[in-house]
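J.: Structure file model29.tsv (TSV, C-alpha atoms and all ligand atoms) right here:
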chain	number	residue	atom	x	y	z
A	1	MET	CA	36.39	138.07	36.97
A	2	ASP	CA	37.53	136.26	33.85
A	3	THR	CA	35.30	136.62	30.83
A	4	PRO	CA	34.77	133.38	28.87
A	5	GLU	CA	36.92	133.15	25.76
A	6	GLN	CA	35.24	134.66	22.74
A	7	ARG	CA	35.26	132.24	19.83
A	8	ILE	CA	34.41	132.87	16.21
A	9	GLN	CA	32.15	130.45	14.38
A	10	ILE	CA	32.70	130.05	10.65
A	11	ALA	CA	30.12	128.11	8.61
A	12	VAL	CA	31.56	125.94	5.82
A	13	GLN	CA	30.03	123.31	3.58
A	14	LYS	CA	30.17	119.88	5.25
A	15	THR	CA	30.65	117.76	2.13
A	16	GLY	CA	30.65	119.07	-1.38
A	17	ARG	CA	32.46	121.07	-3.98
A	18	LEU	CA	33.41	123.91	-1.63
A	19	THR	CA	34.55	121.90	1.41
A	20	GLU	CA	38.18	121.20	0.61
A	21	HIS	CA	38.95	124.66	-0.76
A	22	SER	CA	37.21	126.40	2.15
A	23	ILE	CA	39.17	124.49	4.80
A	24	ASP	CA	42.41	124.82	2.85
A	25	LEU	CA	41.92	128.59	2.70
A	26	LEU	CA	41.39	128.84	6.45
A	27	GLU	CA	44.43	126.65	7.07
A	28	ARG	CA	46.47	129.05	4.95
A	29	CYS	CA	45.28	131.77	7.32
A	30	GLY	CA	47.09	129.86	10.08
A	31	LEU	CA	44.13	127.96	11.51
A	32	MET	CA	44.66	124.38	12.65
A	33	VAL	CA	41.49	122.38	13.21
A	34	THR	CA	40.77	118.92	14.50
A	35	LYS	CA	39.40	117.30	11.40
A	36	SER	CA	36.57	114.88	11.65
A	37	LYS	CA	34.17	114.61	8.78
A	38	ASP	CA	31.38	113.15	10.94
A	39	ARG	CA	31.36	116.10	13.30
A	40	LEU	CA	29.19	119.17	13.07
A	41	ILE	CA	31.89	121.32	14.67
A	42	CYS	CA	35.67	121.33	14.09
A	43	TYR	CA	37.46	123.14	16.92
A	44	GLY	CA	40.38	125.41	16.17
A	45	GLU	CA	43.46	124.14	18.01
A	46	ASN	CA	45.62	127.25	17.85
A	47	MET	CA	43.06	130.04	17.44
A	48	PRO	CA	39.65	130.68	19.04
A	49	ILE	CA	37.88	129.82	15.80
A	50	ASP	CA	35.51	126.92	15.21
A	51	LEU	CA	34.13	125.62	11.95
A	52	LEU	CA	30.48	124.65	11.70
A	53	LEU	CA	30.11	122.00	8.99
A	54	VAL	CA	26.69	122.33	7.41
A	55	ARG	CA	24.79	122.10	4.10
A	56	ASP	CA	25.72	125.03	1.89
A	57	ASP	CA	22.07	126.11	1.62
A	58	ASP	CA	21.97	126.72	5.39
A	59	ILE	CA	25.04	128.98	5.49
A	60	PRO	CA	23.48	132.39	4.65
A	61	GLY	CA	20.70	131.75	7.19
A	62	LEU	CA	23.15	130.79	9.95
A	63	VAL	CA	25.18	133.94	9.30
A	64	SER	CA	22.10	136.14	8.96
A	65	GLU	CA	20.70	134.83	12.26
A	66	ASP	CA	24.07	135.39	13.95
A	67	VAL	CA	24.59	131.70	14.79
A	68	CYS	CA	27.84	132.01	12.83
A	69	ASP	CA	29.99	135.11	12.45
A	70	LEU	CA	31.35	134.26	9.02
A	71	GLY	CA	30.44	131.83	6.24
A	72	ILE	CA	32.00	130.56	3.03
A	73	VAL	CA	29.40	129.84	0.38
A	74	GLY	CA	28.57	130.22	-3.32
A	75	LEU	CA	27.27	133.59	-4.46
A	76	ASN	CA	24.38	131.69	-6.09
A	77	ILE	CA	23.18	130.50	-2.66
A	78	VAL	CA	23.67	133.96	-1.12
A	79	GLU	CA	21.66	135.66	-3.86
A	80	GLU	CA	18.85	133.08	-3.73
A	81	LYS	CA	18.58	133.41	0.06
A	82	ARG	CA	18.57	137.20	-0.18
A	83	LEU	CA	15.72	137.12	-2.72
A	84	ASN	CA	13.75	134.55	-0.69
A	85	LEU	CA	14.01	136.72	2.42
A	86	GLU	CA	13.09	139.78	0.39
A	87	SER	CA	9.95	138.05	-0.92
A	88	GLU	CA	8.94	137.49	2.73
A	89	GLY	CA	9.49	141.18	3.41
A	90	ARG	CA	12.67	140.45	5.39
A	91	GLU	CA	16.26	141.41	4.88
A	92	GLY	CA	19.34	139.18	4.93
A	93	LEU	CA	21.50	140.37	7.81
A	94	PHE	CA	24.79	139.45	6.21
A	95	LYS	CA	27.29	141.35	4.16
A	96	GLN	CA	29.48	139.99	1.44
A	97	ILE	CA	33.17	140.53	2.07
A	98	TYR	CA	35.42	138.78	-0.43
A	99	GLU	CA	35.16	136.82	-3.62
A	100	LEU	CA	37.40	133.81	-3.15
A	101	ASP	CA	38.21	132.79	-6.71
A	102	PHE	CA	37.14	129.16	-6.40
A	103	GLY	CA	33.84	127.33	-6.94
A	104	HIS	CA	33.40	129.16	-10.24
A	105	CYS	CA	30.20	128.26	-12.08
A	106	ARG	CA	27.27	129.96	-13.79
A	107	LEU	CA	23.54	129.75	-13.29
A	108	ALA	CA	22.49	128.93	-16.82
A	109	LEU	CA	19.27	128.49	-18.71
A	110	ALA	CA	19.19	125.35	-20.86
A	111	ALA	CA	16.72	123.68	-23.15
A	112	PRO	CA	16.40	120.48	-25.20
A	113	GLU	CA	18.66	120.71	-28.26
A	114	THR	CA	15.67	121.15	-30.60
A	115	THR	CA	14.41	124.29	-28.82
A	116	GLU	CA	14.85	127.53	-30.72
A	117	TYR	CA	15.80	130.26	-28.27
A	118	ALA	CA	15.86	133.88	-29.38
A	119	GLY	CA	16.32	135.66	-26.05
A	120	PRO	CA	14.24	136.00	-22.86
A	121	GLU	CA	11.05	136.54	-24.88
A	122	SER	CA	11.22	132.87	-25.91
A	123	LEU	CA	10.42	132.04	-22.28
A	124	GLU	CA	6.95	133.64	-22.45
A	125	ASN	CA	4.33	131.20	-21.08
A	126	LYS	CA	6.92	128.43	-20.71
A	127	ARG	CA	7.77	126.33	-17.65
A	128	ILE	CA	11.26	126.54	-16.13
A	129	ALA	CA	12.48	123.87	-13.72
A	130	THR	CA	14.99	125.12	-11.16
A	131	SER	CA	16.22	125.04	-7.56
A	132	TYR	CA	16.76	128.81	-7.87
A	133	VAL	CA	13.16	130.01	-7.97
A	134	GLY	CA	14.03	133.43	-6.48
A	135	ILE	CA	16.73	134.23	-9.02
A	136	VAL	CA	14.69	132.94	-11.97
A	137	ARG	CA	11.59	134.90	-10.93
A	138	LYS	CA	13.65	138.07	-10.60
A	139	TYR	CA	15.13	137.49	-14.06
A	140	LEU	CA	11.64	137.00	-15.53
A	141	LYS	CA	10.36	140.12	-13.78
A	142	ASP	CA	13.34	142.21	-14.93
A	143	ASN	CA	12.69	141.08	-18.51
A	144	ASP	CA	8.92	141.53	-18.21
A	145	ILE	CA	8.22	137.88	-19.04
A	146	ASN	CA	5.36	135.69	-17.85
A	147	ALA	CA	6.57	132.17	-17.22
A	148	GLU	CA	6.06	129.45	-14.63
A	149	THR	CA	8.82	128.25	-12.33
A	150	VAL	CA	8.73	124.60	-11.30
A	151	TYR	CA	10.74	123.86	-8.14
A	152	PHE	CA	13.15	120.90	-8.24
A	153	SER	CA	15.47	120.37	-5.28
A	154	GLY	CA	17.93	118.36	-7.39
A	155	ALA	CA	18.31	116.47	-10.69
A	156	VAL	CA	16.79	119.48	-12.44
A	157	GLU	CA	18.14	118.35	-15.80
A	158	ILE	CA	15.65	115.47	-16.07
A	159	ALA	CA	12.63	117.83	-15.86
A	160	PRO	CA	12.23	118.31	-19.66
A	161	LYS	CA	12.41	114.54	-20.24
A	162	LEU	CA	9.70	114.01	-17.63
A	163	GLY	CA	7.53	116.57	-19.40
A	164	ARG	CA	7.61	118.80	-16.30
A	165	ALA	CA	9.31	121.79	-17.93
A	166	ASP	CA	10.36	123.37	-21.23
A	167	TYR	CA	13.56	124.89	-19.85
A	168	ILE	CA	15.79	124.33	-16.88
A	169	CYS	CA	17.90	126.80	-14.94
A	170	ASP	CA	20.78	125.22	-13.07
A	171	LEU	CA	24.45	125.56	-12.14
A	172	VAL	CA	26.88	124.68	-14.89
A	173	SER	CA	30.65	124.62	-14.94
A	174	THR	CA	31.75	122.39	-17.84
A	175	GLY	CA	28.34	121.74	-19.40
A	176	SER	CA	28.90	117.97	-19.55
A	177	THR	CA	25.84	117.14	-17.41
A	178	LEU	CA	23.65	119.21	-19.73
A	179	LYS	CA	25.07	117.48	-22.77
A	180	ALA	CA	24.55	114.03	-21.25
A	181	ASN	CA	20.88	114.92	-20.85
A	182	GLY	CA	20.40	116.26	-24.38
A	183	LEU	CA	20.26	119.90	-23.22
A	184	THR	CA	21.94	123.01	-24.62
A	185	GLU	CA	22.87	126.11	-22.67
A	186	VAL	CA	20.99	129.12	-24.08
A	187	ASP	CA	21.57	131.95	-21.58
A	188	VAL	CA	23.39	132.82	-18.35
A	189	LEU	CA	21.50	134.39	-15.43
A	190	MET	CA	24.49	134.89	-13.15
A	191	ASP	CA	28.15	134.03	-12.70
A	192	SER	CA	29.06	132.63	-9.33
A	193	GLU	CA	32.04	131.79	-7.14
A	194	ALA	CA	32.61	131.18	-3.46
A	195	VAL	CA	32.42	134.27	-1.25
A	196	VAL	CA	32.89	135.12	2.43
A	197	ILE	CA	29.88	136.56	4.18
A	198	GLN	CA	29.82	138.18	7.59
A	199	THR	CA	26.96	138.70	10.01
A	200	GLN	CA	25.71	142.25	10.41
A	201	ALA	CA	25.02	141.70	14.09
A	202	PRO	CA	27.35	143.75	16.33
A	203	LEU	CA	30.06	141.41	17.61
A	204	GLY	CA	31.58	143.20	20.55
A	205	ASN	CA	35.13	144.55	20.55
A	206	GLU	CA	37.03	141.34	21.23
A	207	LYS	CA	35.17	139.25	18.68
A	208	GLN	CA	35.24	142.01	16.08
A	209	ALA	CA	39.01	142.25	16.49
A	210	LEU	CA	39.29	138.51	15.87
A	211	VAL	CA	37.04	138.68	12.81
A	212	ASP	CA	39.10	141.60	11.47
A	213	LYS	CA	42.27	139.61	12.03
A	214	ILE	CA	41.03	136.57	10.14
A	215	LEU	CA	39.67	138.75	7.31
A	216	GLN	CA	43.00	140.55	7.05
A	217	ARG	CA	44.80	137.21	6.81
A	218	LEU	CA	42.29	136.02	4.21
A	219	ASP	CA	42.96	139.15	2.21
A	220	GLY	CA	46.68	138.39	2.42
A	221	VAL	CA	46.18	134.78	1.30
A	222	LEU	CA	44.08	135.91	-1.66
A	223	GLN	CA	46.62	138.53	-2.67
A	224	VAL	CA	49.62	136.23	-2.62
A	225	ARG	CA	47.93	133.54	-4.65
A	226	GLU	CA	48.87	135.24	-7.90
A	227	SER	CA	51.65	137.42	-6.55
A	228	LYS	CA	55.31	137.03	-7.43
A	229	TYR	CA	58.45	138.72	-6.19
A	230	ILE	CA	60.61	139.76	-9.10
A	231	MET	CA	64.28	140.75	-8.98
A	232	LEU	CA	66.37	142.00	-11.88
A	233	HIS	CA	69.33	144.15	-12.84
A	234	ALA	CA	68.82	147.06	-15.23
A	235	PRO	CA	70.59	150.10	-16.64
A	236	ARG	CA	69.32	153.28	-14.91
A	237	SER	CA	68.30	154.62	-18.32
A	238	ALA	CA	65.83	151.72	-18.79
A	239	LEU	CA	64.10	152.13	-15.41
A	240	ALA	CA	60.99	153.95	-16.63
A	241	LYS	CA	60.32	151.37	-19.33
A	242	ILE	CA	60.95	148.46	-16.95
A	243	ARG	CA	58.61	149.92	-14.36
A	244	ASP	CA	55.85	150.03	-17.00
A	245	LEU	CA	56.46	146.41	-17.93
A	246	LEU	CA	56.19	145.03	-14.37
A	247	PRO	CA	52.66	143.58	-14.14
A	248	GLY	CA	50.44	144.88	-11.32
A	249	SER	CA	53.30	146.24	-9.21
A	250	GLU	CA	53.47	149.27	-6.97
A	251	ALA	CA	56.63	151.43	-6.74
A	252	PRO	CA	59.56	148.98	-7.03
A	253	THR	CA	62.60	149.12	-4.76
A	254	VAL	CA	65.65	150.37	-6.68
A	255	LEU	CA	69.04	149.51	-5.14
A	256	PRO	CA	72.56	150.50	-6.20
A	257	LEU	CA	74.84	147.73	-7.42
A	258	ASP	CA	78.37	147.53	-6.08
A	259	GLY	CA	81.07	148.63	-8.51
A	260	THR	CA	78.81	150.21	-11.09
A	261	ASP	CA	77.03	153.55	-11.30
A	262	ASP	CA	74.82	153.06	-14.30
A	263	LYS	CA	73.26	149.71	-13.29
A	264	VAL	CA	70.75	149.09	-10.49
A	265	ALA	CA	68.90	146.18	-8.93
A	266	VAL	CA	65.09	146.36	-9.10
A	267	HIS	CA	62.87	144.41	-6.67
A	268	ALA	CA	59.09	144.45	-6.98
A	269	VAL	CA	56.02	142.55	-5.83
A	270	CYS	CA	53.83	141.85	-8.84
A	271	ARG	CA	50.22	141.17	-7.92
A	272	GLU	CA	49.62	139.23	-11.11
A	273	ASN	CA	51.24	136.15	-12.49
A	274	VAL	CA	54.51	136.83	-14.30
A	275	PHE	CA	54.56	135.07	-17.64
A	276	TRP	CA	57.55	134.15	-19.82
A	277	GLU	CA	56.48	136.86	-22.30
A	278	THR	CA	56.82	139.51	-19.57
A	279	LEU	CA	60.34	138.30	-18.73
A	280	GLU	CA	61.27	138.34	-22.40
A	281	ASN	CA	59.94	141.89	-22.77
A	282	LEU	CA	61.86	142.99	-19.66
A	283	LYS	CA	65.03	141.45	-21.08
A	284	ALA	CA	64.46	143.19	-24.40
A	285	ALA	CA	64.13	146.47	-22.45
A	286	GLY	CA	67.61	145.96	-20.98
A	287	ALA	CA	67.00	143.87	-17.85
A	288	SER	CA	69.30	141.01	-16.92
A	289	SER	CA	69.66	138.45	-14.09
A	290	LEU	CA	65.89	138.09	-13.86
A	291	LEU	CA	64.54	136.09	-10.94
A	292	VAL	CA	60.87	135.38	-10.14
A	293	LEU	CA	59.96	134.01	-6.69
A	294	PRO	CA	56.62	132.91	-5.22
A	295	VAL	CA	55.29	134.99	-2.32
A	296	GLU	CA	54.45	132.92	0.76
A	297	LYS	CA	52.66	135.49	2.94
A	298	MET	CA	51.75	139.16	2.67
A	299	LEU	CA	50.46	141.66	5.20
A	300	ALA	CA	49.51	145.05	3.85
A	401	LIG	P1	24.86	120.43	0.06
A	401	LIG	O1	24.72	119.02	0.49
A	401	LIG	O2	25.86	121.18	0.91
A	401	LIG	O3	23.55	121.15	-0.07
A	401	LIG	P2	25.05	120.74	-2.83
A	401	LIG	O4	24.81	119.47	-3.58
A	401	LIG	O5	23.96	121.76	-2.78
A	401	LIG	O6	25.56	120.35	-1.37
A	401	LIG	P3	27.53	121.18	-4.33
A	401	LIG	O7	27.14	120.42	-5.54
A	401	LIG	O8	28.63	120.62	-3.48
A	401	LIG	O9	26.28	121.53	-3.38
A	401	LIG	O10	27.90	122.66	-4.78
A	401	LIG	C1	28.26	123.63	-3.86
A	401	LIG	C2	28.52	124.93	-4.60
A	401	LIG	O11	29.59	124.74	-5.52
A	401	LIG	C3	27.40	125.45	-5.47
A	401	LIG	O12	26.39	126.12	-4.72
A	401	LIG	C4	28.14	126.40	-6.39
A	401	LIG	O13	28.35	127.65	-5.76
A	401	LIG	C5	29.49	125.70	-6.56
A	401	LIG	N1	29.67	125.01	-7.88
A	401	LIG	C6	30.75	125.15	-8.68
A	401	LIG	N2	30.61	124.41	-9.80
A	401	LIG	C7	29.44	123.80	-9.75
A	401	LIG	C8	28.73	122.91	-10.61
A	401	LIG	N3	29.21	122.51	-11.77
A	401	LIG	N4	27.55	122.45	-10.20
A	401	LIG	C9	27.06	122.81	-9.01
A	401	LIG	N5	27.67	123.67	-8.16
A	401	LIG	C10	28.85	124.18	-8.51
A	402	ZN	ZN	23.10	122.68	-1.33
Show me this structure written as structure tokens.
T.:
Amino acid sequence: MDTPEQRIQIAVQKTGRLTEHSIDLLERCGLMVTKSKDRLICYGENMPIDLLLVRDDDIPGLVSEDVCDLGIVGLNIVEEKRLNLESEGREGLFKQIYELDFGHCRLALAAPETTEYAGPESLENKRIATSYVGIVRKYLKDNDINAETVYFSGAVEIAPKLGRADYICDLVSTGSTLKANGLTEVDVLMDSEAVVIQTQAPLGNEKQALVDKILQRLDGVLQVRESKYIMLHAPRSALAKIRDLLPGSEAPTVLPLDGTDDKVAVHAVCRENVFWETLENLKAAGASSLLVLPVEKMLA
């Protein structure tokens, strides 16, 4: 008897700052989806993978409850959900797999420009407006501070003007929203970026193999983002120095060059960006015919 096809569900933000990057990343992993912004589900056309388009706040819960196998969401949301579950005596059944190097922001504490802030002790007996009550409460507890958290689901930055709070704690990337509201950043509670989370529920062999495959491809996509393939010619005597100068590379391939005994070709994958300065240093060390190429795909 045929078993029904096992499909992986990946939760991604429906509309927001993470949407485009999340889908782009999965497309780089080879997934083609039927795109329709009004749909809750985008079906994978060439792989048994479907995307569930939801609010970012719902993603850790969907993964924890095994509705979705994987999710792409900000670390800020993951941490808040974990603390909320913990306060109810429950545990988040998801594990964090990769940091994705997009959606960078920080959860910052800010106050009206006239406020004098001298460290966490300045928060004693104050009111802090935030959507991140769990994270703020943990911060206050860790610093042994008594302060009140005032929950705002959005537009947190207007709380001081409304007389509802002395401080706010919200996500910041450039700081322009704070400035526009007469607020100054005084402290950072956490740095955040988008991450992949995976359910801790057992998936069964077939599904687990699919999840492993997509995670391996994701790993490859993340690795090649900064990676470059570098080729150069060098005198044998300069090899040790050149090896040291190649940024983030493993053992390079050294090939003989036709018609010469003392010169070789060196090929290496550098897992960091290769800057002009590096090329100039390599040249100064004796390298010539330097070529830097982007890496399209990588499978370790
Ligand atoms: P949703 O409707 O899905 O609940 P949202 O309004 O909560 O959307 P966005 O504003 O799209 O969410 O932000 C999604 C995520 O983007 C944040 O949780 C955070 O991880 C990240 N992010 C990066 N920079 C910022 C920023 N400046 N402000 C807010 N979030 C940011
Ligand atoms: Zn949200």
J.: Go through A:Ser153, A:Glu99, A:Leu83, A:Gly61 and flag the residue nearest ligand ZN 402 (chain A), using only C-alpha atoms and all ligand atoms for the distances.
T.: A:Ser153
J.: For range 52-56 of chain A, work out the shell of residues within 7 Å, counting only C-alpha atoms and skipping chain neighbours fewer than 6 positions away, then give it as number ranges by chain.
T.: A: 9-14, 40-42, 73
J.: Can I get the residues close to ligand ZN 402 (chain A) as a list of chain:residue names, where close means within 12 Å and we count only C-alpha atoms and all ligand atoms?
T.: A:Val12, A:Gln13, A:Lys14, A:Thr15, A:Gly16, A:Arg17, A:Leu18, A:Thr19, A:Val54, A:Arg55, A:Asp56, A:Asp57, A:Asp58, A:Ile59, A:Pro60, A:Val73, A:Gly74, A:Asn76, A:Ile77, A:Val78, A:Glu80, A:Lys81, A:Ser131, A:Tyr132, A:Ser153, A:Gly154, A:Leu171
J.: Rounded to one decimal in Å, what is the spacing between CA of Val295 in chain A and CA of Arg225 in chain A?
T.: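 Distance reported for this atom pair: 7.9 Å.
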J.: So the first atom is CA of Gly182 in chain A and the second is CA of Glu121 in chain A; what is the distance between them in Å, to one decimal place?
T.: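 CA of Gly182 in chain A sits 22.3 Å away from CA of Glu121 in chain A.
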J.: Which residue out of A:Ala155, A:Ile168, A:Ala209, A:Leu245 has the minimum interatomic distance to Leu279 in chain A when only C-alpha atoms are used?
T.: A:Leu245
J.: Compare A:Glu277, A:Asp191, A:Asp66, A:Asp244 by their minimum atom-to-atom distance to ligand LIG 401 (chain A), counting all atoms listed in the file, and give me the closest one.
T.: A:Asp191
J.: For a quick check of understanding, using only C-alpha atoms and all ligand atoms, which of A:Cys270, A:Met190, A:Val67, A:Ile158 has the smallest distance to ligand LIG 401 (chain A)?
T.: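 Of A:Cys270, A:Met190, A:Val67, A:Ile158, the one nearest ligand LIG 401 (chain A), counting only C-alpha atoms and all ligand atoms, is A:Met190.
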J.: Can you put all heavy atoms back into range 216-226 of chain A and show it as a short mmCIF file (atom, residue, chain, number, x, y, z; two decimals), in the frame of the given file?
T.:
data_model
loop_
_atom_site.label_atom_id
_atom_site.label_comp_id
_atom_site.auth_asym_id
_atom_site.auth_seq_id
_atom_site.Cartn_x
_atom_site.Cartn_y
_atom_site.Cartn_z
N GLN A 216 41.75 139.97 7.55
CA GLN A 216 43.00 140.55 7.05
C GLN A 216 43.94 139.45 6.53
O GLN A 216 44.56 139.58 5.49
CB GLN A 216 43.68 141.34 8.17
CG GLN A 216 44.85 142.15 7.67
CD GLN A 216 45.51 142.92 8.80
OE1 GLN A 216 45.72 142.40 9.89
NE2 GLN A 216 45.83 144.15 8.54
N ARG A 217 43.96 138.32 7.27
CA ARG A 217 44.80 137.21 6.81
C ARG A 217 44.26 136.62 5.51
O ARG A 217 45.02 136.28 4.60
CB ARG A 217 44.85 136.12 7.88
CG ARG A 217 45.70 136.54 9.05
CD ARG A 217 45.94 135.35 9.95
NE ARG A 217 46.69 135.75 11.14
CZ ARG A 217 47.09 134.91 12.08
NH1 ARG A 217 46.80 133.63 11.96
NH2 ARG A 217 47.76 135.34 13.12
N LEU A 218 42.92 136.53 5.44
CA LEU A 218 42.29 136.02 4.21
C LEU A 218 42.66 136.89 3.02
O LEU A 218 43.00 136.40 1.95
CB LEU A 218 40.77 136.08 4.37
CG LEU A 218 40.03 134.78 4.62
CD1 LEU A 218 38.56 135.04 4.76
CD2 LEU A 218 40.28 133.79 3.48
N ASP A 219 42.61 138.19 3.25
CA ASP A 219 42.96 139.15 2.21
C ASP A 219 44.40 138.89 1.75
O ASP A 219 44.70 138.86 0.55
CB ASP A 219 42.81 140.56 2.77
CG ASP A 219 42.92 141.61 1.68
OD1 ASP A 219 42.48 141.31 0.56
OD2 ASP A 219 43.47 142.69 1.94
N GLY A 220 45.28 138.68 2.73
CA GLY A 220 46.68 138.39 2.42
C GLY A 220 46.83 137.12 1.61
O GLY A 220 47.55 137.07 0.61
N VAL A 221 46.11 136.07 2.01
CA VAL A 221 46.18 134.78 1.30
C VAL A 221 45.71 134.95 -0.14
O VAL A 221 46.31 134.43 -1.07
CB VAL A 221 45.33 133.72 2.04
CG1 VAL A 221 45.17 132.47 1.19
CG2 VAL A 221 45.95 133.37 3.37
N LEU A 222 44.63 135.72 -0.32
CA LEU A 222 44.08 135.91 -1.66
C LEU A 222 45.06 136.70 -2.52
O LEU A 222 45.23 136.43 -3.71
CB LEU A 222 42.74 136.63 -1.62
CG LEU A 222 41.63 135.85 -0.91
CD1 LEU A 222 40.37 136.69 -0.81
CD2 LEU A 222 41.35 134.55 -1.64
N GLN A 223 45.69 137.69 -1.90
CA GLN A 223 46.62 138.53 -2.67
C GLN A 223 47.85 137.77 -3.11
O GLN A 223 48.34 137.98 -4.21
CB GLN A 223 47.03 139.73 -1.83
CG GLN A 223 45.95 140.77 -1.76
CD GLN A 223 46.52 142.08 -1.28
OE1 GLN A 223 47.63 142.43 -1.62
NE2 GLN A 223 45.77 142.79 -0.49
N VAL A 224 48.37 136.89 -2.24
CA VAL A 224 49.62 136.23 -2.62
C VAL A 224 49.40 135.11 -3.63
O VAL A 224 50.34 134.67 -4.26
CB VAL A 224 50.40 135.64 -1.42
CG1 VAL A 224 50.82 136.72 -0.47
CG2 VAL A 224 49.66 134.53 -0.73
N ARG A 225 48.17 134.67 -3.77
CA ARG A 225 47.93 133.54 -4.65
C ARG A 225 48.53 133.76 -6.04
O ARG A 225 49.15 132.89 -6.62
CB ARG A 225 46.42 133.33 -4.76
CG ARG A 225 46.09 131.88 -5.00
CD ARG A 225 44.64 131.70 -5.14
NE ARG A 225 43.99 131.53 -3.85
CZ ARG A 225 42.67 131.37 -3.73
NH1 ARG A 225 41.90 131.40 -4.77
NH2 ARG A 225 42.15 131.20 -2.55
N GLU A 226 48.36 134.94 -6.57
CA GLU A 226 48.87 135.24 -7.90
C GLU A 226 50.18 136.03 -7.84
O GLU A 226 50.82 136.24 -8.86
CB GLU A 226 47.85 136.09 -8.66
CG GLU A 226 46.62 135.35 -9.09
CD GLU A 226 46.81 134.66 -10.43
OE1 GLU A 226 46.76 135.35 -11.46
OE2 GLU A 226 47.03 133.43 -10.44
#
